[in-house]
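Asks: Mind having a look at this structure? Questions to follow.
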Amino acid sequence: MSITEIARGYAPPREAESAAGSSGPARADLVRLTPATARGARVPRWLRRTTGPVVLVALWHLASSTGILPAEVLAGPGTVLSSAAKLIESGELQAAIVVSMSRAMTGLAIGGSIGVLLAVLSGLTRLGEDMVDAPMQMLRTVPNVALIPLLIIWFGIGEAPKIALIALATAFPLYLNVYAGIRGVDQSLIEAGRTLGLSRWGLVRHVILPGALPNALVGLRYSLGIAWLALVFGEQINATAGVGYLMANAREFFQTDVIVVCLVVYAFLGLAVDLVVRTLERIFLSWRPSFTGA
Amino acid sequence: MATQLHRRLNAPAAVAVHGLTRSFGTRRVIDNLDLNIQPGEFVALLGASGCGKSTLLRILGDLDPEFSGEVTVPTRRAIAFQAPRLMPWKRVWRNVLLGLPGRPDRARAERALDEVGIGHRADVWPKVLSGGEAQRASLARALVREPDLLLLDEPFAALDALTRLKAQALVAELWQRHGCAVLLVTHDVEEAILLADRVLVMKDGVIAHQESIALPRPRDVADPEFTRIRGELLDWLGVRQGAAH
């Protein structure tokens, strides 16, 4: 409920006074409360939510067509759409998306597995914590992008440094969140599990890991977000295919329309993976008291 | 009494505690305590907050190994806590079977849930259970293990008055059917007299007083003998009826 609704519920509305007047003597200290359904049809939520972006695009179009926004600075939405259509028709865009997507997913698979593995190790054992946690906490403060020169020296300029960068960047959010999730499992549930006769492995499987799952999914969401960021940086390293390559090429020829198309593609890829995480949450977290998704 | 039937003839005491001491820092919460519980006996443990009664229960439940003294308990124990402590990520029937060896036997879980009157809730997440239902599920989870000793740590304290009465009657019934020894930790004197064969009052780290309750079951709060015992126990707890010191 929004603040305006609360205010409406408690402030004496004028129509309430007239309604009270019709059914009896009006009392200044009484207020008739209107149920939400009687407050009249309002603009549907989806319509309200789409208004903002639509207005923005309209302004952009207006600025481009009147010449306030020159095409060398930013191409208009019409040009962007037509160049997107051209890129799709030639198959360039799809090919680039497939390449970029597989880079991001390969990097995430490698980095994510490493992050989760290390988190489980340091979350579950004292020895693991002592060995793993301190270096991880230190390394996570190093900006990943600053490692690009090193990665190029180590892995050359092919696919390897790009994937390594994504793997490095995605390992940390998963590590931190899974570790926090494991350590944050309700101690009383672990105790209950022990009294029920669960073995150490049983506790891990039935109590600790399911208890850490909400945090793990938060970590996955961060990691996916960072995977795209790392991808953008990674694809600046001498790419010969992928969305980043399309962008670098477009930069050479001042094709701002193609750059915008690529930006939109990045945005949609980000949205798509967010949708994947939401779906995972819907499937795996329906037991949560705070869960309202389904 | 039904419990008599279930007593193992060759069995020694279900719980034997001798010279038990547990300190937190320099404070001795339990100080050289002795306690025996017979197989099938229902014992209630009363005491003011912080007197160490929950500590004693945790030691008997093998949740606190930092004690000195001799403690013997049955291998098959079960605990129901004040909070139901159901795993929120497991459906109710899976919660009941958690920790049992072998493949999860759904029919067994359903029988246990039927016994506590919530068989129809087997398939839901714990989050949708009411407080009373969750506590029943927790009892089903304890009893499905066929324990020789059931430890109850203020299991009714968080329930509303009506639900609590029903839950108490349920525990009395389940105990008579299963015949396990029960140690009920509570701060409710009436609850202790209603349910127990023997009521212990814990004070200064030892069992300061014990009272065998010979009243016929089911017991009536309005019985004058009931009132007399209650007065006496309240005296031992340092709370005189009508006059607070």
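Residues are named by chain letter and number: chains run A, B, ... in the order of the structure tokens, numbers start at 1 in each chain, and ligands are numbered from 1 in the order shown.
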Could the residues of chain B within 9 Å of chain A, counting only C-alpha atoms, be given as a PDB file with N, CA and C atoms, in the first residue's frame, please?
Replies:
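The result, written out as iface19.pdb:
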ATOM      1  N   GLY B  61      19.268 -34.436  26.437  1.00  0.00           N
ATOM      2  CA  GLY B  61      19.062 -34.601  25.000  1.00  0.00           C
ATOM      3  C   GLY B  61      20.370 -34.662  24.221  1.00  0.00           C
ATOM      4  N   ASP B  62      21.493 -34.698  24.920  1.00  0.00           N
ATOM      5  CA  ASP B  62      22.809 -34.755  24.293  1.00  0.00           C
ATOM      6  C   ASP B  62      23.075 -33.537  23.417  1.00  0.00           C
ATOM      7  N   LEU B  63      22.571 -32.385  23.846  1.00  0.00           N
ATOM      8  CA  LEU B  63      22.820 -31.162  23.096  1.00  0.00           C
ATOM      9  C   LEU B  63      23.881 -30.327  23.790  1.00  0.00           C
ATOM     10  N   ARG B  77      15.842 -41.302  21.900  1.00  0.00           N
ATOM     11  CA  ARG B  77      15.269 -40.118  22.543  1.00  0.00           C
ATOM     12  C   ARG B  77      14.663 -39.239  21.473  1.00  0.00           C
ATOM     13  N   ALA B  78      13.733 -38.405  21.905  1.00  0.00           N
ATOM     14  CA  ALA B  78      13.215 -37.407  20.975  1.00  0.00           C
ATOM     15  C   ALA B  78      12.938 -36.140  21.766  1.00  0.00           C
ATOM     16  N   ILE B  79      13.084 -35.014  21.102  1.00  0.00           N
ATOM     17  CA  ILE B  79      12.865 -33.733  21.779  1.00  0.00           C
ATOM     18  C   ILE B  79      11.828 -32.928  21.003  1.00  0.00           C
ATOM     19  N   ALA B  80      10.907 -32.309  21.736  1.00  0.00           N
ATOM     20  CA  ALA B  80      10.053 -31.288  21.117  1.00  0.00           C
ATOM     21  C   ALA B  80      10.364 -29.980  21.833  1.00  0.00           C
ATOM     22  N   PHE B  81      10.719 -28.981  21.053  1.00  0.00           N
ATOM     23  CA  PHE B  81      11.145 -27.708  21.632  1.00  0.00           C
ATOM     24  C   PHE B  81       9.973 -26.745  21.758  1.00  0.00           C
ATOM     25  N   ARG B  85      10.443 -25.793  15.351  1.00  0.00           N
ATOM     26  CA  ARG B  85      11.692 -26.097  14.638  1.00  0.00           C
ATOM     27  C   ARG B  85      11.487 -27.062  13.477  1.00  0.00           C
ATOM     28  N   LEU B  86      10.467 -26.829  12.686  1.00  0.00           N
ATOM     29  CA  LEU B  86      10.289 -27.606  11.466  1.00  0.00           C
ATOM     30  C   LEU B  86      11.187 -27.000  10.402  1.00  0.00           C
ATOM     31  N   MET B  87      11.722 -27.829   9.494  1.00  0.00           N
ATOM     32  CA  MET B  87      12.533 -27.300   8.404  1.00  0.00           C
ATOM     33  C   MET B  87      11.587 -26.637   7.409  1.00  0.00           C
ATOM     34  N   PRO B  88      11.703 -25.321   7.226  1.00  0.00           N
ATOM     35  CA  PRO B  88      10.714 -24.634   6.375  1.00  0.00           C
ATOM     36  C   PRO B  88      10.752 -25.099   4.935  1.00  0.00           C
ATOM     37  N   TRP B  89      11.866 -25.706   4.499  1.00  0.00           N
ATOM     38  CA  TRP B  89      12.001 -26.101   3.097  1.00  0.00           C
ATOM     39  C   TRP B  89      11.559 -27.538   2.864  1.00  0.00           C
ATOM     40  N   LYS B  90      10.991 -28.176   3.869  1.00  0.00           N
ATOM     41  CA  LYS B  90      10.491 -29.535   3.648  1.00  0.00           C
ATOM     42  C   LYS B  90       9.011 -29.571   3.960  1.00  0.00           C
ATOM     43  N   ARG B  91       8.265 -30.281   3.121  1.00  0.00           N
ATOM     44  CA  ARG B  91       6.843 -30.407   3.390  1.00  0.00           C
ATOM     45  C   ARG B  91       6.655 -31.157   4.703  1.00  0.00           C
ATOM     46  N   LEU B  98      12.249 -36.812   8.789  1.00  0.00           N
ATOM     47  CA  LEU B  98      13.633 -36.353   8.700  1.00  0.00           C
ATOM     48  C   LEU B  98      14.522 -37.079   9.717  1.00  0.00           C
ATOM     49  N   GLY B  99      15.617 -37.616   9.227  1.00  0.00           N
ATOM     50  CA  GLY B  99      16.579 -38.261  10.119  1.00  0.00           C
ATOM     51  C   GLY B  99      16.330 -39.739  10.328  1.00  0.00           C
ATOM     52  N   LEU B 100      15.177 -40.253   9.855  1.00  0.00           N
ATOM     53  CA  LEU B 100      14.944 -41.692   9.983  1.00  0.00           C
ATOM     54  C   LEU B 100      15.720 -42.422   8.902  1.00  0.00           C
ATOM     55  N   PRO B 101      16.284 -43.580   9.239  1.00  0.00           N
ATOM     56  CA  PRO B 101      17.058 -44.302   8.231  1.00  0.00           C
ATOM     57  C   PRO B 101      16.156 -44.887   7.153  1.00  0.00           C
ATOM     58  N   TRP B 125       3.556 -26.716   3.121  1.00  0.00           N
ATOM     59  CA  TRP B 125       4.794 -26.185   3.688  1.00  0.00           C
ATOM     60  C   TRP B 125       4.535 -25.795   5.140  1.00  0.00           C
ATOM     61  N   PRO B 126       5.544 -25.908   5.988  1.00  0.00           N
ATOM     62  CA  PRO B 126       5.342 -25.528   7.390  1.00  0.00           C
ATOM     63  C   PRO B 126       4.850 -24.089   7.575  1.00  0.00           C
ATOM     64  N   LYS B 127       5.166 -23.197   6.616  1.00  0.00           N
ATOM     65  CA  LYS B 127       4.787 -21.786   6.807  1.00  0.00           C
ATOM     66  C   LYS B 127       3.280 -21.595   6.887  1.00  0.00           C
ATOM     67  N   VAL B 128       2.488 -22.517   6.335  1.00  0.00           N
ATOM     68  CA  VAL B 128       1.039 -22.301   6.359  1.00  0.00           C
ATOM     69  C   VAL B 128       0.392 -22.925   7.590  1.00  0.00           C
ATOM     70  N   ARG B 141       6.726 -35.672  14.751  1.00  0.00           N
ATOM     71  CA  ARG B 141       8.101 -35.936  14.347  1.00  0.00           C
ATOM     72  C   ARG B 141       8.870 -36.609  15.482  1.00  0.00           C
ATOM     73  N   ALA B 142       8.562 -36.206  16.732  1.00  0.00           N
ATOM     74  CA  ALA B 142       9.245 -36.822  17.870  1.00  0.00           C
ATOM     75  C   ALA B 142       8.758 -38.259  18.077  1.00  0.00           C
ATOM     76  N   ARG B 145       9.599 -41.622  15.969  1.00  0.00           N
ATOM     77  CA  ARG B 145      10.853 -42.313  16.264  1.00  0.00           C
ATOM     78  C   ARG B 145      10.709 -43.366  17.346  1.00  0.00           C
TER      79      ARG B 145
END
Asks: Rounded to one decimal place, report the atom CA of Gln38 of chain B-atom CA of Ala181 of chain B distance in Å.
Replies: 6.9 Å
Asks: Do you know which residues are at most 12 Å from segment 124-130 of chain A counting only C-alpha atoms, after dropping those on the same chain fewer than 2 positions away, and could you put them as an MDAnalysis selection string?
Replies: chainID A and resid 116:122 132:137 175 178:185 200:201 203:205 208:209 212
Asks: Where does segment 47-147 of chain B meet segment 20-33 of chain B within 9 Å, residue by residue, with the nearest atom pair and distance in Å to one decimal for each, counting only C-alpha atoms, listed by chain and rising number, as JSON lines?
Replies:
{"residue": "B:Gly50", "atom": "CA", "partner": "B:Val29", "partner_atom": "CA", "distance": 8.3}
{"residue": "B:Cys51", "atom": "CA", "partner": "B:Val29", "partner_atom": "CA", "distance": 6.8}
{"residue": "B:Gly52", "atom": "CA", "partner": "B:Val29", "partner_atom": "CA", "distance": 5.4}
{"residue": "B:Lys53", "atom": "CA", "partner": "B:Ile30", "partner_atom": "CA", "distance": 8.6}
{"residue": "B:Thr55", "atom": "CA", "partner": "B:Val29", "partner_atom": "CA", "distance": 8.0}
{"residue": "B:Leu56", "atom": "CA", "partner": "B:Ile30", "partner_atom": "CA", "distance": 7.5}
{"residue": "B:Glu66", "atom": "CA", "partner": "B:Arg22", "partner_atom": "CA", "distance": 6.9}
{"residue": "B:Phe67", "atom": "CA", "partner": "B:Arg22", "partner_atom": "CA", "distance": 4.8}
{"residue": "B:Ser68", "atom": "CA", "partner": "B:Thr21", "partner_atom": "CA", "distance": 5.3}
{"residue": "B:Gly69", "atom": "CA", "partner": "B:Leu20", "partner_atom": "CA", "distance": 4.3}
{"residue": "B:Glu70", "atom": "CA", "partner": "B:Leu20", "partner_atom": "CA", "distance": 6.3}
{"residue": "B:Val71", "atom": "CA", "partner": "B:Leu20", "partner_atom": "CA", "distance": 7.3}
Asks: Give the strand (DSSP E or B) residues of segment 44-125 of chain B, as DSSP finds them on the backbone, and put them as a list of chain:residue names.
Replies: B:Ala44, B:Leu45, B:Leu46, B:Ser68, B:Gly69, B:Glu70, B:Val71, B:Thr72, B:Arg77, B:Ala78, B:Ile79, B:Ala80
Asks: Please produce an output containing N, CA and C atoms for each residue in the selection, written as a CSV table (one decimal), in the first residue's frame.
Replies:
chain,number,residue,atom,x,y,z
B,44,ALA,N,7.3,-34.0,35.4
B,44,ALA,CA,7.3,-32.6,35.0
B,44,ALA,C,8.4,-31.9,35.9
B,45,LEU,N,9.1,-31.0,35.2
B,45,LEU,CA,10.1,-30.2,35.9
B,45,LEU,C,9.8,-28.8,35.9
B,46,LEU,N,9.5,-28.3,37.2
B,46,LEU,CA,9.1,-26.9,37.3
B,46,LEU,C,10.3,-26.1,37.9
B,68,SER,N,29.8,-32.2,34.0
B,68,SER,CA,30.5,-33.3,34.7
B,68,SER,C,29.5,-34.1,35.5
B,69,GLY,N,29.8,-35.3,35.8
B,69,GLY,CA,28.9,-36.2,36.5
B,69,GLY,C,28.5,-37.4,35.6
B,70,GLU,N,27.6,-38.2,36.1
B,70,GLU,CA,27.2,-39.4,35.4
B,70,GLU,C,25.8,-39.3,34.9
B,71,VAL,N,25.6,-39.5,33.6
B,71,VAL,CA,24.3,-39.3,33.0
B,71,VAL,C,24.0,-40.5,32.1
B,72,THR,N,22.9,-41.3,32.3
B,72,THR,CA,22.6,-42.4,31.5
B,72,THR,C,21.2,-42.1,30.9
B,77,ARG,N,15.8,-41.3,21.9
B,77,ARG,CA,15.3,-40.1,22.5
B,77,ARG,C,14.7,-39.2,21.5
B,78,ALA,N,13.7,-38.4,21.9
B,78,ALA,CA,13.2,-37.4,21.0
B,78,ALA,C,12.9,-36.1,21.8
B,79,ILE,N,13.1,-35.0,21.1
B,79,ILE,CA,12.9,-33.7,21.8
B,79,ILE,C,11.8,-32.9,21.0
B,80,ALA,N,10.9,-32.3,21.7
B,80,ALA,CA,10.1,-31.3,21.1
B,80,ALA,C,10.4,-30.0,21.8
Asks: If we count only C-alpha atoms and set the cut-off at 12 Å, which residues sit around segment 142-153 of chain A, ignoring sequence neighbours fewer than 3 positions away in its own chain? Please answer as a PDB file with N, CA and C atoms, in the first residue's frame.
Replies:
ATOM      1  N   PRO A 135      41.993 -15.112   2.100  1.00  0.00           N
ATOM      2  CA  PRO A 135      42.417 -14.722   0.748  1.00  0.00           C
ATOM      3  C   PRO A 135      41.248 -14.270  -0.126  1.00  0.00           C
ATOM      4  N   MET A 136      40.097 -14.929   0.006  1.00  0.00           N
ATOM      5  CA  MET A 136      38.958 -14.532  -0.819  1.00  0.00           C
ATOM      6  C   MET A 136      38.503 -13.119  -0.465  1.00  0.00           C
ATOM      7  N   GLN A 137      38.460 -12.823   0.831  1.00  0.00           N
ATOM      8  CA  GLN A 137      38.032 -11.484   1.245  1.00  0.00           C
ATOM      9  C   GLN A 137      39.017 -10.431   0.755  1.00  0.00           C
ATOM     10  N   MET A 138      40.304 -10.812   0.691  1.00  0.00           N
ATOM     11  CA  MET A 138      41.311  -9.869   0.202  1.00  0.00           C
ATOM     12  C   MET A 138      41.158  -9.640  -1.296  1.00  0.00           C
ATOM     13  N   LEU A 139      41.039 -10.772  -2.026  1.00  0.00           N
ATOM     14  CA  LEU A 139      41.011 -10.693  -3.488  1.00  0.00           C
ATOM     15  C   LEU A 139      39.756 -10.004  -4.005  1.00  0.00           C
ATOM     16  N   GLY A 156      46.947 -14.758 -23.426  1.00  0.00           N
ATOM     17  CA  GLY A 156      46.958 -14.270 -24.799  1.00  0.00           C
ATOM     18  C   GLY A 156      45.732 -13.413 -25.078  1.00  0.00           C
ATOM     19  N   ILE A 157      45.358 -13.340 -26.377  1.00  0.00           N
ATOM     20  CA  ILE A 157      44.244 -12.460 -26.716  1.00  0.00           C
ATOM     21  C   ILE A 157      43.088 -13.227 -27.349  1.00  0.00           C
ATOM     22  N   GLY A 158      43.040 -14.531 -27.150  1.00  0.00           N
ATOM     23  CA  GLY A 158      41.939 -15.326 -27.709  1.00  0.00           C
ATOM     24  C   GLY A 158      40.723 -15.344 -26.803  1.00  0.00           C
ATOM     25  N   GLU A 159      40.053 -16.482 -26.768  1.00  0.00           N
ATOM     26  CA  GLU A 159      38.861 -16.626 -25.937  1.00  0.00           C
ATOM     27  C   GLU A 159      39.207 -16.705 -24.452  1.00  0.00           C
ATOM     28  N   ALA A 160      40.353 -17.313 -24.149  1.00  0.00           N
ATOM     29  CA  ALA A 160      40.695 -17.639 -22.764  1.00  0.00           C
ATOM     30  C   ALA A 160      40.651 -16.439 -21.806  1.00  0.00           C
ATOM     31  N   PRO A 161      41.281 -15.288 -22.151  1.00  0.00           N
ATOM     32  CA  PRO A 161      41.264 -14.199 -21.167  1.00  0.00           C
ATOM     33  C   PRO A 161      39.850 -13.657 -20.940  1.00  0.00           C
ATOM     34  N   LYS A 162      39.015 -13.697 -21.978  1.00  0.00           N
ATOM     35  CA  LYS A 162      37.644 -13.202 -21.825  1.00  0.00           C
ATOM     36  C   LYS A 162      36.883 -14.072 -20.826  1.00  0.00           C
ATOM     37  N   ILE A 163      37.003 -15.383 -21.041  1.00  0.00           N
ATOM     38  CA  ILE A 163      36.292 -16.301 -20.153  1.00  0.00           C
ATOM     39  C   ILE A 163      36.884 -16.256 -18.751  1.00  0.00           C
ATOM     40  N   ALA A 164      38.204 -16.134 -18.674  1.00  0.00           N
ATOM     41  CA  ALA A 164      38.843 -16.051 -17.359  1.00  0.00           C
ATOM     42  C   ALA A 164      38.363 -14.820 -16.599  1.00  0.00           C
ATOM     43  N   LEU A 165      38.219 -13.705 -17.309  1.00  0.00           N
ATOM     44  CA  LEU A 165      37.752 -12.482 -16.656  1.00  0.00           C
ATOM     45  C   LEU A 165      36.345 -12.665 -16.097  1.00  0.00           C
ATOM     46  N   ILE A 166      35.465 -13.266 -16.923  1.00  0.00           N
ATOM     47  CA  ILE A 166      34.089 -13.494 -16.462  1.00  0.00           C
ATOM     48  C   ILE A 166      34.081 -14.467 -15.290  1.00  0.00           C
ATOM     49  N   ALA A 167      34.892 -15.520 -15.383  1.00  0.00           N
ATOM     50  CA  ALA A 167      34.943 -16.509 -14.310  1.00  0.00           C
ATOM     51  C   ALA A 167      35.397 -15.854 -13.004  1.00  0.00           C
ATOM     52  N   LEU A 168      36.444 -15.024 -13.106  1.00  0.00           N
ATOM     53  CA  LEU A 168      36.950 -14.331 -11.919  1.00  0.00           C
ATOM     54  C   LEU A 168      35.882 -13.433 -11.303  1.00  0.00           C
ATOM     55  N   ALA A 169      35.215 -12.694 -12.186  1.00  0.00           N
ATOM     56  CA  ALA A 169      34.244 -11.710 -11.688  1.00  0.00           C
ATOM     57  C   ALA A 169      33.040 -12.393 -11.050  1.00  0.00           C
ATOM     58  N   THR A 170      32.622 -13.541 -11.591  1.00  0.00           N
ATOM     59  CA  THR A 170      31.397 -14.165 -11.085  1.00  0.00           C
ATOM     60  C   THR A 170      31.653 -15.040  -9.862  1.00  0.00           C
ATOM     61  N   ALA A 171      32.902 -15.434  -9.657  1.00  0.00           N
ATOM     62  CA  ALA A 171      33.179 -16.332  -8.535  1.00  0.00           C
ATOM     63  C   ALA A 171      32.890 -15.650  -7.197  1.00  0.00           C
ATOM     64  N   PHE A 172      33.197 -14.345  -7.101  1.00  0.00           N
ATOM     65  CA  PHE A 172      33.122 -13.692  -5.799  1.00  0.00           C
ATOM     66  C   PHE A 172      31.701 -13.500  -5.253  1.00  0.00           C
ATOM     67  N   ILE A 226      27.071  -9.320 -13.000  1.00  0.00           N
ATOM     68  CA  ILE A 226      28.492  -9.016 -13.176  1.00  0.00           C
ATOM     69  C   ILE A 226      29.044  -9.719 -14.407  1.00  0.00           C
ATOM     70  N   ALA A 227      28.480 -10.888 -14.744  1.00  0.00           N
ATOM     71  CA  ALA A 227      28.946 -11.620 -15.923  1.00  0.00           C
ATOM     72  C   ALA A 227      28.807 -10.744 -17.163  1.00  0.00           C
ATOM     73  N   LEU A 229      28.707  -7.465 -17.239  1.00  0.00           N
ATOM     74  CA  LEU A 229      29.656  -6.358 -17.121  1.00  0.00           C
ATOM     75  C   LEU A 229      31.051  -6.811 -17.566  1.00  0.00           C
ATOM     76  N   ALA A 230      31.469  -7.976 -17.057  1.00  0.00           N
ATOM     77  CA  ALA A 230      32.785  -8.512 -17.402  1.00  0.00           C
ATOM     78  C   ALA A 230      32.841  -8.837 -18.889  1.00  0.00           C
ATOM     79  N   LEU A 231      31.698  -9.273 -19.422  1.00  0.00           N
ATOM     80  CA  LEU A 231      31.649  -9.598 -20.844  1.00  0.00           C
ATOM     81  C   LEU A 231      31.938  -8.355 -21.684  1.00  0.00           C
ATOM     82  N   VAL A 232      31.311  -7.240 -21.308  1.00  0.00           N
ATOM     83  CA  VAL A 232      31.516  -6.000 -22.056  1.00  0.00           C
ATOM     84  C   VAL A 232      32.991  -5.627 -22.056  1.00  0.00           C
ATOM     85  N   PHE A 233      33.619  -5.725 -20.871  1.00  0.00           N
ATOM     86  CA  PHE A 233      35.038  -5.399 -20.797  1.00  0.00           C
ATOM     87  C   PHE A 233      35.866  -6.419 -21.556  1.00  0.00           C
ATOM     88  N   GLY A 234      35.533  -7.685 -21.366  1.00  0.00           N
ATOM     89  CA  GLY A 234      36.299  -8.758 -21.981  1.00  0.00           C
ATOM     90  C   GLY A 234      36.269  -8.669 -23.494  1.00  0.00           C
ATOM     91  N   GLU A 235      35.119  -8.291 -24.031  1.00  0.00           N
ATOM     92  CA  GLU A 235      34.990  -8.252 -25.484  1.00  0.00           C
ATOM     93  C   GLU A 235      35.692  -7.047 -26.107  1.00  0.00           C
ATOM     94  N   GLN A 236      36.237  -6.183 -25.259  1.00  0.00           N
ATOM     95  CA  GLN A 236      37.062  -5.105 -25.801  1.00  0.00           C
ATOM     96  C   GLN A 236      38.462  -5.620 -26.126  1.00  0.00           C
ATOM     97  N   ILE A 237      38.786  -6.822 -25.597  1.00  0.00           N
ATOM     98  CA  ILE A 237      40.118  -7.385 -25.870  1.00  0.00           C
ATOM     99  C   ILE A 237      40.086  -8.063 -27.232  1.00  0.00           C
ATOM    100  N   ASN A 238      40.464  -7.358 -28.267  1.00  0.00           N
ATOM    101  CA  ASN A 238      40.677  -7.953 -29.583  1.00  0.00           C
ATOM    102  C   ASN A 238      39.649  -9.010 -29.978  1.00  0.00           C
TER     103      ASN A 238
END
Asks: Give me the residues near segment 74-76 of chain A as a PyMOL selection string, where near means some atom within 9 Å (using only C-alpha atoms) and where sequence neighbours in that chain fewer than 5 positions away do not count.
Replies: chain A and resi 60-65+69+81+255-258+260
